[in-house]
file work01.cif (mmCIF, C-alpha atoms)
data_run
loop_
_atom_site.label_atom_id
_atom_site.label_comp_id
_atom_site.auth_asym_id
_atom_site.auth_seq_id
_atom_site.Cartn_x
_atom_site.Cartn_y
_atom_site.Cartn_z
CA MET A 1 112.21 118.31 83.71
CA SER A 2 114.89 119.76 85.99
CA THR A 3 116.93 117.64 88.37
CA PHE A 4 115.18 119.40 91.29
CA THR A 5 111.77 118.40 89.96
CA ALA A 6 112.97 114.87 89.23
CA GLU A 7 114.24 114.35 92.78
CA LEU A 8 111.04 115.85 94.19
CA VAL A 9 108.74 113.69 92.06
CA GLY A 10 110.85 110.56 92.53
CA THR A 11 110.92 110.90 96.32
CA MET A 12 107.21 111.67 96.34
CA LEU A 13 106.53 108.41 94.48
CA LEU A 14 108.87 106.56 96.84
CA ILE A 15 106.90 107.70 99.90
CA LEU A 16 103.51 107.27 98.22
CA PHE A 17 104.28 103.60 97.58
CA GLY A 18 106.33 102.93 100.70
CA GLY A 19 104.18 104.86 103.15
CA GLY A 20 101.12 103.51 101.38
CA VAL A 21 102.00 99.89 102.06
CA VAL A 22 102.69 100.64 105.73
CA ALA A 23 99.31 102.37 105.98
CA GLY A 24 97.63 99.40 104.33
CA VAL A 25 99.20 96.97 106.78
CA LEU A 26 98.70 99.03 109.96
CA LEU A 27 95.44 100.93 109.59
CA HIS A 28 92.23 99.19 110.61
CA LYS A 29 89.70 98.09 108.00
CA SER A 30 92.28 98.33 105.23
CA LYS A 31 92.06 95.28 102.99
CA ALA A 32 95.82 94.84 103.52
CA PHE A 33 95.55 95.04 107.33
CA GLY A 34 97.92 92.65 109.07
CA GLY A 35 99.91 91.92 105.92
CA GLY A 36 103.13 91.93 107.93
CA TRP A 37 106.82 92.69 107.58
CA VAL A 38 107.40 90.70 104.39
CA VAL A 39 104.73 92.68 102.54
CA ILE A 40 106.22 95.95 103.81
CA THR A 41 109.81 95.13 102.87
CA PHE A 42 108.96 93.89 99.38
CA ALA A 43 106.77 96.89 98.66
CA TRP A 44 109.47 99.31 99.84
CA GLY A 45 111.96 97.62 97.53
CA LEU A 46 109.59 97.91 94.60
CA ALA A 47 108.86 101.52 95.59
CA VAL A 48 112.54 102.37 95.29
CA ALA A 49 112.79 100.58 91.95
CA MET A 50 109.71 102.26 90.45
CA ALA A 51 110.77 105.72 91.64
CA ALA A 52 114.26 105.16 90.24
CA TYR A 53 112.88 104.04 86.88
CA ALA A 54 110.66 107.14 86.80
CA VAL A 55 113.35 109.80 87.29
CA GLY A 56 116.72 108.07 87.08
CA GLY A 57 117.36 109.34 83.57
CA VAL A 58 117.03 112.94 84.73
CA SER A 59 118.61 113.22 88.19
CA GLY A 60 120.24 109.84 88.78
CA ALA A 61 117.43 109.07 91.26
CA HIS A 62 119.30 109.64 94.50
CA LEU A 63 116.00 110.09 96.40
CA ASN A 64 118.02 110.03 99.62
CA PRO A 65 120.18 112.76 101.22
CA ALA A 66 122.50 110.12 102.68
CA LEU A 67 123.26 108.83 99.18
CA THR A 68 123.66 112.34 97.78
CA ILE A 69 126.13 113.30 100.52
CA ALA A 70 127.94 109.96 100.22
CA LEU A 71 128.45 110.38 96.48
CA ALA A 72 129.67 113.95 96.97
CA SER A 73 132.13 112.76 99.64
CA ILE A 74 133.96 110.60 97.09
CA GLY A 75 133.80 113.09 94.22
CA ASN A 76 131.01 111.35 92.30
CA PHE A 77 128.62 114.27 92.70
CA PRO A 78 129.23 118.05 92.94
CA TRP A 79 128.91 119.48 96.45
CA ALA A 80 127.32 122.61 94.98
CA ASP A 81 124.26 120.57 93.96
CA VAL A 82 123.84 118.79 97.31
CA PRO A 83 121.59 121.38 99.07
CA LEU A 84 119.18 121.57 96.12
CA TYR A 85 118.91 117.77 95.91
CA ILE A 86 118.27 117.45 99.64
CA LEU A 87 115.62 120.18 99.59
CA ALA A 88 113.84 118.46 96.70
CA GLN A 89 113.99 115.10 98.48
CA VAL A 90 112.54 116.41 101.73
CA ILE A 91 109.75 118.31 99.95
CA GLY A 92 108.97 115.27 97.81
CA ALA A 93 108.84 113.01 100.87
CA PHE A 94 106.49 115.46 102.60
CA LEU A 95 104.16 115.55 99.58
CA GLY A 96 104.19 111.77 99.26
CA ALA A 97 103.15 111.47 102.91
CA VAL A 98 100.32 113.96 102.38
CA LEU A 99 99.05 111.82 99.50
CA VAL A 100 99.10 108.74 101.74
CA TYR A 101 97.08 110.66 104.32
CA PHE A 102 94.37 111.46 101.80
CA LEU A 103 94.48 107.96 100.30
CA TYR A 104 93.60 106.42 103.67
CA LEU A 105 91.43 109.32 104.88
CA PRO A 106 88.55 107.22 106.35
CA HIS A 107 90.93 104.85 108.17
CA TRP A 108 92.68 107.21 110.58
CA ARG A 109 89.66 107.63 112.82
CA GLY A 110 89.11 103.88 112.98
CA THR A 111 92.66 103.16 114.16
CA GLU A 112 93.12 103.73 117.90
CA ASP A 113 96.87 103.16 118.23
CA PRO A 114 98.74 106.47 117.78
CA GLY A 115 102.00 104.53 117.34
CA ALA A 116 100.56 102.76 114.29
CA LYS A 117 99.55 106.11 112.81
CA LEU A 118 103.02 107.54 113.35
CA GLY A 119 104.51 104.36 111.88
CA VAL A 120 102.84 105.14 108.55
CA PHE A 121 104.89 108.33 108.36
CA ALA A 122 108.12 107.88 110.29
CA THR A 123 110.33 105.30 111.95
CA MET A 124 110.66 104.58 115.66
CA PRO A 125 112.93 102.08 117.44
CA ALA A 126 111.77 98.69 118.68
CA ILE A 127 113.96 99.27 121.75
CA LYS A 128 114.82 102.80 122.82
CA HIS A 129 118.61 103.16 122.92
CA PRO A 130 119.89 106.05 120.78
CA LEU A 131 123.44 104.80 120.18
CA SER A 132 122.20 101.34 119.23
CA ASN A 133 119.50 102.91 117.08
CA ILE A 134 122.12 105.06 115.32
CA THR A 135 124.24 101.94 114.87
CA ALA A 136 121.38 100.09 113.18
CA GLU A 137 120.68 102.99 110.81
CA MET A 138 124.40 103.44 110.17
CA ILE A 139 124.97 99.78 109.27
CA GLY A 140 121.86 99.64 107.10
CA THR A 141 122.86 102.72 105.11
CA PHE A 142 126.46 101.53 104.89
CA ALA A 143 125.12 98.38 103.22
CA LEU A 144 122.86 100.45 100.96
CA VAL A 145 125.54 102.81 99.62
CA LEU A 146 128.21 100.13 99.36
CA GLY A 147 125.72 97.86 97.60
CA ILE A 148 124.69 100.54 95.10
CA LEU A 149 128.31 101.37 94.25
CA ALA A 150 129.26 97.70 94.03
CA LEU A 151 126.35 96.96 91.71
CA GLY A 152 127.75 99.61 89.40
CA THR A 153 130.94 97.57 88.93
CA ASN A 154 129.04 94.67 87.37
CA GLU A 155 128.41 94.31 83.65
CA ILE A 156 124.63 94.23 83.72
CA THR A 157 121.99 95.67 81.48
CA ASP A 158 121.50 99.29 82.53
CA GLY A 159 117.75 98.83 82.70
CA LEU A 160 118.12 96.23 85.45
CA ASN A 161 120.03 98.43 87.86
CA PRO A 162 117.02 100.14 89.52
CA PHE A 163 115.37 96.74 90.01
CA LEU A 164 118.51 95.34 91.64
CA VAL A 165 118.73 98.36 93.94
CA GLY A 166 115.12 97.65 94.87
CA MET A 167 116.07 94.07 95.74
CA LEU A 168 118.91 95.47 97.83
CA ILE A 169 116.33 97.49 99.77
CA VAL A 170 114.29 94.32 100.31
CA VAL A 171 117.18 92.38 101.81
CA ILE A 172 118.23 95.36 103.96
CA GLY A 173 114.68 95.59 105.30
CA MET A 174 114.40 91.88 106.02
CA ALA A 175 117.89 91.42 107.45
CA LEU A 176 118.70 94.78 109.05
CA GLY A 177 115.40 96.62 109.49
CA GLY A 178 114.08 95.03 112.66
CA PRO A 179 115.68 97.31 115.27
CA THR A 180 114.55 100.68 113.87
CA GLY A 181 112.31 100.13 110.84
CA TYR A 182 115.26 100.96 108.52
CA ALA A 183 114.78 104.59 107.54
CA ILE A 184 118.24 104.51 105.85
CA ASN A 185 117.16 107.82 104.32
CA PRO A 186 116.86 111.13 106.22
CA ALA A 187 114.27 112.55 103.80
CA ARG A 188 112.13 109.41 103.99
CA ASP A 189 111.79 109.98 107.73
CA LEU A 190 111.93 113.77 108.13
CA GLY A 191 109.50 114.81 105.37
CA PRO A 192 106.72 112.44 106.46
CA ARG A 193 107.36 113.21 110.16
CA ILE A 194 106.73 116.90 109.38
CA ALA A 195 103.55 115.86 107.55
CA HIS A 196 102.43 113.84 110.58
CA ALA A 197 102.97 116.87 112.80
CA LEU A 198 100.99 119.21 110.52
CA LEU A 199 98.14 117.05 109.25
CA PRO A 200 94.81 116.86 111.18
CA ILE A 201 95.07 113.12 111.89
CA PRO A 202 92.50 112.07 114.52
CA GLY A 203 94.15 110.80 117.72
CA LYS A 204 97.61 110.91 116.24
CA GLY A 205 99.61 111.57 119.40
CA SER A 206 103.23 112.67 119.41
CA SER A 207 105.33 112.94 116.24
CA GLY A 208 108.33 111.51 118.11
CA TRP A 209 110.64 114.46 117.58
CA TRP A 210 112.95 113.22 120.35
CA TYR A 211 113.99 110.44 117.95
CA ALA A 212 114.01 112.40 114.65
CA TRP A 213 117.77 113.11 114.76
CA VAL A 214 118.67 109.39 114.74
CA PRO A 215 117.42 108.61 111.18
CA ILE A 216 119.30 111.72 110.02
CA VAL A 217 122.68 111.21 111.70
CA GLY A 218 122.86 107.41 111.40
CA PRO A 219 122.22 107.21 107.63
CA ILE A 220 124.57 110.11 106.82
CA VAL A 221 127.46 108.60 108.80
CA GLY A 222 126.81 105.11 107.43
CA GLY A 223 126.36 106.31 103.87
CA VAL A 224 129.56 108.34 103.82
CA PHE A 225 131.52 105.46 105.35
CA GLY A 226 130.01 103.07 102.79
CA ALA A 227 131.18 105.30 99.93
CA LEU A 228 134.66 105.78 101.43
CA PHE A 229 134.89 102.04 102.11
CA PHE A 230 134.08 101.34 98.46
CA LYS A 231 136.81 103.70 97.28
CA GLN A 232 139.35 102.32 99.76
CA ILE A 233 138.68 98.59 99.41
CA PHE A 234 137.20 98.14 95.95
CA GLU A 235 139.19 100.76 94.07
CA GLY A 236 142.28 101.00 96.27
CA GLU A 237 142.12 104.79 96.67
CA ASN A 238 143.58 105.46 100.11
CA SER A 239 142.27 108.59 101.87
CA ILE A 240 142.53 110.12 105.31
CA ALA A 241 138.74 110.66 105.22
CA PHE A 242 138.22 106.89 105.26
CA TRP A 243 140.24 106.49 108.44
CA ILE A 244 138.63 109.50 110.15
CA CYS A 245 135.17 108.23 109.33
CA GLY A 246 136.20 104.74 110.45
CA VAL A 247 137.21 106.13 113.84
CA ILE A 248 133.83 107.89 114.17
CA VAL A 249 132.05 104.64 113.35
CA LEU A 250 134.17 102.77 115.88
CA ILE A 251 133.41 105.33 118.60
CA ILE A 252 129.68 104.93 117.94
CA LEU A 253 129.94 101.13 118.11
CA ILE A 254 131.92 101.23 121.36
CA GLY A 255 129.53 103.79 122.82
CA ALA A 256 126.56 101.58 121.97
CA GLN A 257 128.20 98.60 123.66
CA MET A 258 129.12 100.57 126.79
CA THR A 259 125.65 102.05 127.27
CA ILE A 260 123.51 99.07 126.28
CA LYS A 261 122.25 98.55 129.84
CA SER A 262 120.23 101.75 129.48
CA ALA A 263 118.10 100.33 126.68
CA LYS A 264 114.35 100.43 127.31
CA GLU A 265 111.66 98.40 125.56
CA ASP A 266 109.13 101.22 125.35
CA TYR A 267 107.54 100.34 122.03
#
call {"tool": "encode", "arguments": {"input": "work01.cif", "output": "structure tokens"}}
result
Amino acid sequence: MSTFTAELVGTMLLILFGGGVVAGVLLHKSKAFGGGWVVITFAWGLAVAMAAYAVGGVSGAHLNPALTIALASIGNFPWADVPLYILAQVIGAFLGAVLVYFLYLPHWRGTEDPGAKLGVFATMPAIKHPLSNITAEMIGTFALVLGILALGTNEITDGLNPFLVGMLIVVIGMALGGPTGYAINPARDLGPRIAHALLPIPGKGSSGWWYAWVPIVGPIVGGVFGALFFKQIFEGENSIAFWICGVIVLIILIGAQMTIKSAKEDY
């Protein structure tokens, strides 16, 4: 299996499990209907772990463009391979979302809320405020990348690492996921959002493209800063990139604070 195929299949499994649990919780007449946030966050964590176990030995199981770019930014992954990984991740996420659609085929018509249908595929903010939404995605992905790199410094059995990363996803979802639904992964949001736009889902409504840039920009900025932070603080490798990225993060935080009065509870 090539690394391209591994990233595609791994991300497809990630979305099949992760999108599948959201569908089970949100779509009417599902036996999991109303399962709630705890069910969703635990299943997403296990989804990451299972996908990582499936393809980690081939591609390293990035399954996330933000992680791929973050690793490349600190020299842990070749930049030349970044576009191919990202393409595989987005295609895999799209295919995983299509599988979820067919899995719950009879349930779409019985669910009236178009927001619930979109929520199976993509994230939307609890309160509409782009800079705050970017901040939430940025902090969540910062914690993800920093956590993954920090886990690698511990002397643990190699076979446990994907499971621990899955547990990291669980705590990020429970602690940091409330404001935006914690995409923390551009492919996880973009691929399924494209699927939502293309699939013949009854009464699906808008695909929320006005928001689609947030779960792309926020995770990439947060992921890169998480990687640079790890190098700077954990390994003591000083770099100008860390300080530049830190300034960008600070500008976003200040901008969110200064514009918070414009927030609207539309969802």
call {"tool": "atom_distance", "arguments": {"input": "work01.cif", "atom1": "CA of Gly181 in chain A", "atom2": "CA of Thr135 in chain A"}}
result
12.7 Å
call {"tool": "resolve_selection", "arguments": {"input": "work01.cif", "expression": "the PyMOL selection byres ((chain A and resi 193) around 12)", "output": "ChimeraX atom specification"}}
result
/A:15,19,90-91,93-98,117-124,183,186-192,194-199,204,206-213,215
call {"tool": "atom_distance", "arguments": {"input": "work01.cif", "atom1": "CA of Pro65 in chain A", "atom2": "CA of Ile86 in chain A"}}
result
5.3 Å
call {"tool": "closest_residue", "arguments": {"input": "work01.cif", "among": "A:Arg109, A:His28, A:Lys231, A:His62", "to": "Thr3 in chain A", "atoms": "all atoms listed in the file"}}
result
A:His62
call {"tool": "resolve_selection", "arguments": {"input": "work01.cif", "expression": "the PyMOL selection byres ((chain A and resi 262) around 12)", "output": "JSON, numbers by chain"}}
result
{"A": [127, 128, 129, 130, 131, 132, 255, 256, 257, 258, 259, 260, 261, 263, 264, 265, 266]}
call {"tool": "atom_distance", "arguments": {"input": "work01.cif", "atom1": "CA of Gly173 in chain A", "atom2": "CA of Ser30 in chain A"}}
result
22.6 Å
call {"tool": "residues_around", "arguments": {"input": "work01.cif", "residues": "range 68-76 of chain A", "least_positions_apart": "3", "cutoff": "9 Å", "atoms": "all atoms listed in the file", "output": "number ranges by chain"}}
result
A: 62-65, 79, 82, 85-86, 145, 220-228, 231, 241
call {"tool": "residues_near_point", "arguments": {"input": "work01.cif", "point": "(115.6, 99.5, 90.6)", "cutoff": "8 Å", "atoms": "only C-alpha atoms", "output": "ChimeraX atom specification"}}
result
/A:46,48-53,160-167
call {"tool": "resolve_selection", "arguments": {"input": "work01.cif", "expression": "the PyMOL selection byres ((chain A and resi 35-41) around 9)", "output": "VMD selection string"}}
result
chain A and resid 18 21 to 22 24 to 26 32 to 34 42 to 46 169 to 174 177
call {"tool": "write_last_selection", "arguments": {"input": "work01.cif", "atoms": "C-alpha atoms", "output": "compact mmCIF listing (two decimals), in the coordinates of the input"}}
result
# COMPACT_ATOMS: atom_id res chain seq x y z
CA GLY A 18 106.33 102.93 100.70
CA VAL A 21 102.00 99.89 102.06
CA VAL A 22 102.69 100.64 105.73
CA GLY A 24 97.63 99.40 104.33
CA VAL A 25 99.20 96.97 106.78
CA LEU A 26 98.70 99.03 109.96
CA ALA A 32 95.82 94.84 103.52
CA PHE A 33 95.55 95.04 107.33
CA GLY A 34 97.92 92.65 109.07
CA PHE A 42 108.96 93.89 99.38
CA ALA A 43 106.77 96.89 98.66
CA TRP A 44 109.47 99.31 99.84
CA GLY A 45 111.96 97.62 97.53
CA LEU A 46 109.59 97.91 94.60
CA ILE A 169 116.33 97.49 99.77
CA VAL A 170 114.29 94.32 100.31
CA VAL A 171 117.18 92.38 101.81
CA ILE A 172 118.23 95.36 103.96
CA GLY A 173 114.68 95.59 105.30
CA MET A 174 114.40 91.88 106.02
CA GLY A 177 115.40 96.62 109.49
call {"tool": "residues_around", "arguments": {"input": "work01.cif", "residues": "Val58 in chain A", "least_positions_apart": "4", "cutoff": "8 Å", "atoms": "only C-alpha atoms", "output": "number ranges by chain"}}
result
A: 1-3, 6
call {"tool": "closest_residue", "arguments": {"input": "work01.cif", "among": "A:Ala66, A:Ile254, A:Leu27, A:Leu149", "to": "Glu112 in chain A", "atoms": "all atoms listed in the file"}}
result
A:Leu27
call {"tool": "closest_residue", "arguments": {"input": "work01.cif", "among": "A:Leu16, A:Gly56, A:Tyr182, A:Leu84", "to": "Phe102 in chain A", "atoms": "all atoms listed in the file"}}
result
A:Leu16
call {"tool": "build_atoms", "arguments": {"input": "work01.cif", "residues": "range 119-140 of chain A", "atoms": "N, CA, C and O atoms", "output": "mmCIF file, in the frame of the given file"}}
result
data_model
loop_
_atom_site.group_PDB
_atom_site.id
_atom_site.type_symbol
_atom_site.label_atom_id
_atom_site.label_comp_id
_atom_site.auth_asym_id
_atom_site.auth_seq_id
_atom_site.Cartn_x
_atom_site.Cartn_y
_atom_site.Cartn_z
ATOM 1 N N GLY A 119 103.723 105.308 112.660
ATOM 2 C CA GLY A 119 104.510 104.360 111.880
ATOM 3 C C GLY A 119 104.268 104.429 110.381
ATOM 4 O O GLY A 119 105.123 104.027 109.590
ATOM 5 N N VAL A 120 103.116 104.933 109.975
ATOM 6 C CA VAL A 120 102.840 105.140 108.550
ATOM 7 C C VAL A 120 103.771 106.207 107.987
ATOM 8 O O VAL A 120 104.182 106.146 106.822
ATOM 9 N N PHE A 121 104.135 107.175 108.822
ATOM 10 C CA PHE A 121 104.890 108.330 108.360
ATOM 11 C C PHE A 121 106.385 108.236 108.665
ATOM 12 O O PHE A 121 107.213 108.596 107.832
ATOM 13 N N ALA A 122 106.729 107.798 109.852
ATOM 14 C CA ALA A 122 108.120 107.880 110.290
ATOM 15 C C ALA A 122 108.530 106.619 111.034
ATOM 16 O O ALA A 122 107.683 105.800 111.404
ATOM 17 N N THR A 123 109.816 106.474 111.246
ATOM 18 C CA THR A 123 110.330 105.300 111.950
ATOM 19 C C THR A 123 110.497 105.585 113.435
ATOM 20 O O THR A 123 110.724 106.724 113.843
ATOM 21 N N MET A 124 110.391 104.529 114.225
ATOM 22 C CA MET A 124 110.660 104.580 115.660
ATOM 23 C C MET A 124 111.356 103.268 116.033
ATOM 24 O O MET A 124 111.150 102.242 115.387
ATOM 25 N N PRO A 125 112.168 103.285 117.103
ATOM 26 C CA PRO A 125 112.930 102.080 117.440
ATOM 27 C C PRO A 125 112.077 101.029 118.145
ATOM 28 O O PRO A 125 111.139 101.356 118.870
ATOM 29 N N ALA A 126 112.417 99.768 117.938
ATOM 30 C CA ALA A 126 111.770 98.690 118.680
ATOM 31 C C ALA A 126 112.184 98.745 120.143
ATOM 32 O O ALA A 126 111.376 98.477 121.037
ATOM 33 N N ILE A 127 113.442 99.083 120.399
ATOM 34 C CA ILE A 127 113.960 99.270 121.750
ATOM 35 C C ILE A 127 114.660 100.622 121.784
ATOM 36 O O ILE A 127 115.541 100.898 120.965
ATOM 37 N N LYS A 128 114.289 101.436 122.734
ATOM 38 C CA LYS A 128 114.820 102.800 122.820
ATOM 39 C C LYS A 128 116.234 102.795 123.390
ATOM 40 O O LYS A 128 116.448 102.575 124.578
ATOM 41 N N HIS A 129 117.199 103.040 122.504
ATOM 42 C CA HIS A 129 118.610 103.160 122.920
ATOM 43 C C HIS A 129 119.322 103.911 121.798
ATOM 44 O O HIS A 129 119.737 103.304 120.805
ATOM 45 N N PRO A 130 119.434 105.235 121.906
ATOM 46 C CA PRO A 130 119.890 106.050 120.780
ATOM 47 C C PRO A 130 121.160 105.586 120.093
ATOM 48 O O PRO A 130 121.210 105.565 118.858
ATOM 49 N N LEU A 131 122.194 105.212 120.836
ATOM 50 C CA LEU A 131 123.440 104.800 120.180
ATOM 51 C C LEU A 131 123.264 103.494 119.420
ATOM 52 O O LEU A 131 123.820 103.309 118.330
ATOM 53 N N SER A 132 122.487 102.572 119.975
ATOM 54 C CA SER A 132 122.200 101.340 119.230
ATOM 55 C C SER A 132 121.315 101.623 118.029
ATOM 56 O O SER A 132 121.482 101.004 116.965
ATOM 57 N N ASN A 133 120.376 102.542 118.191
ATOM 58 C CA ASN A 133 119.500 102.910 117.080
ATOM 59 C C ASN A 133 120.298 103.568 115.954
ATOM 60 O O ASN A 133 120.085 103.286 114.764
ATOM 61 N N ILE A 134 121.239 104.459 116.324
ATOM 62 C CA ILE A 134 122.120 105.060 115.320
ATOM 63 C C ILE A 134 122.955 103.992 114.638
ATOM 64 O O ILE A 134 123.145 104.000 113.414
ATOM 65 N N THR A 135 123.436 103.028 115.420
ATOM 66 C CA THR A 135 124.240 101.940 114.870
ATOM 67 C C THR A 135 123.464 101.158 113.820
ATOM 68 O O THR A 135 123.982 100.842 112.742
ATOM 69 N N ALA A 136 122.202 100.842 114.128
ATOM 70 C CA ALA A 136 121.380 100.090 113.180
ATOM 71 C C ALA A 136 121.181 100.864 111.887
ATOM 72 O O ALA A 136 121.306 100.316 110.775
ATOM 73 N N GLU A 137 120.867 102.162 112.000
ATOM 74 C CA GLU A 137 120.680 102.990 110.810
ATOM 75 C C GLU A 137 121.998 103.162 110.051
ATOM 76 O O GLU A 137 122.019 103.181 108.813
ATOM 77 N N MET A 138 123.079 103.266 110.779
ATOM 78 C CA MET A 138 124.400 103.440 110.170
ATOM 79 C C MET A 138 124.785 102.191 109.369
ATOM 80 O O MET A 138 125.232 102.287 108.208
ATOM 81 N N ILE A 139 124.605 101.025 109.959
ATOM 82 C CA ILE A 139 124.970 99.780 109.270
ATOM 83 C C ILE A 139 124.070 99.556 108.060
ATOM 84 O O ILE A 139 124.524 99.163 106.978
ATOM 85 N N GLY A 140 122.773 99.823 108.222
ATOM 86 C CA GLY A 140 121.860 99.640 107.100
ATOM 87 C C GLY A 140 122.195 100.535 105.920
ATOM 88 O O GLY A 140 122.176 100.108 104.761
#
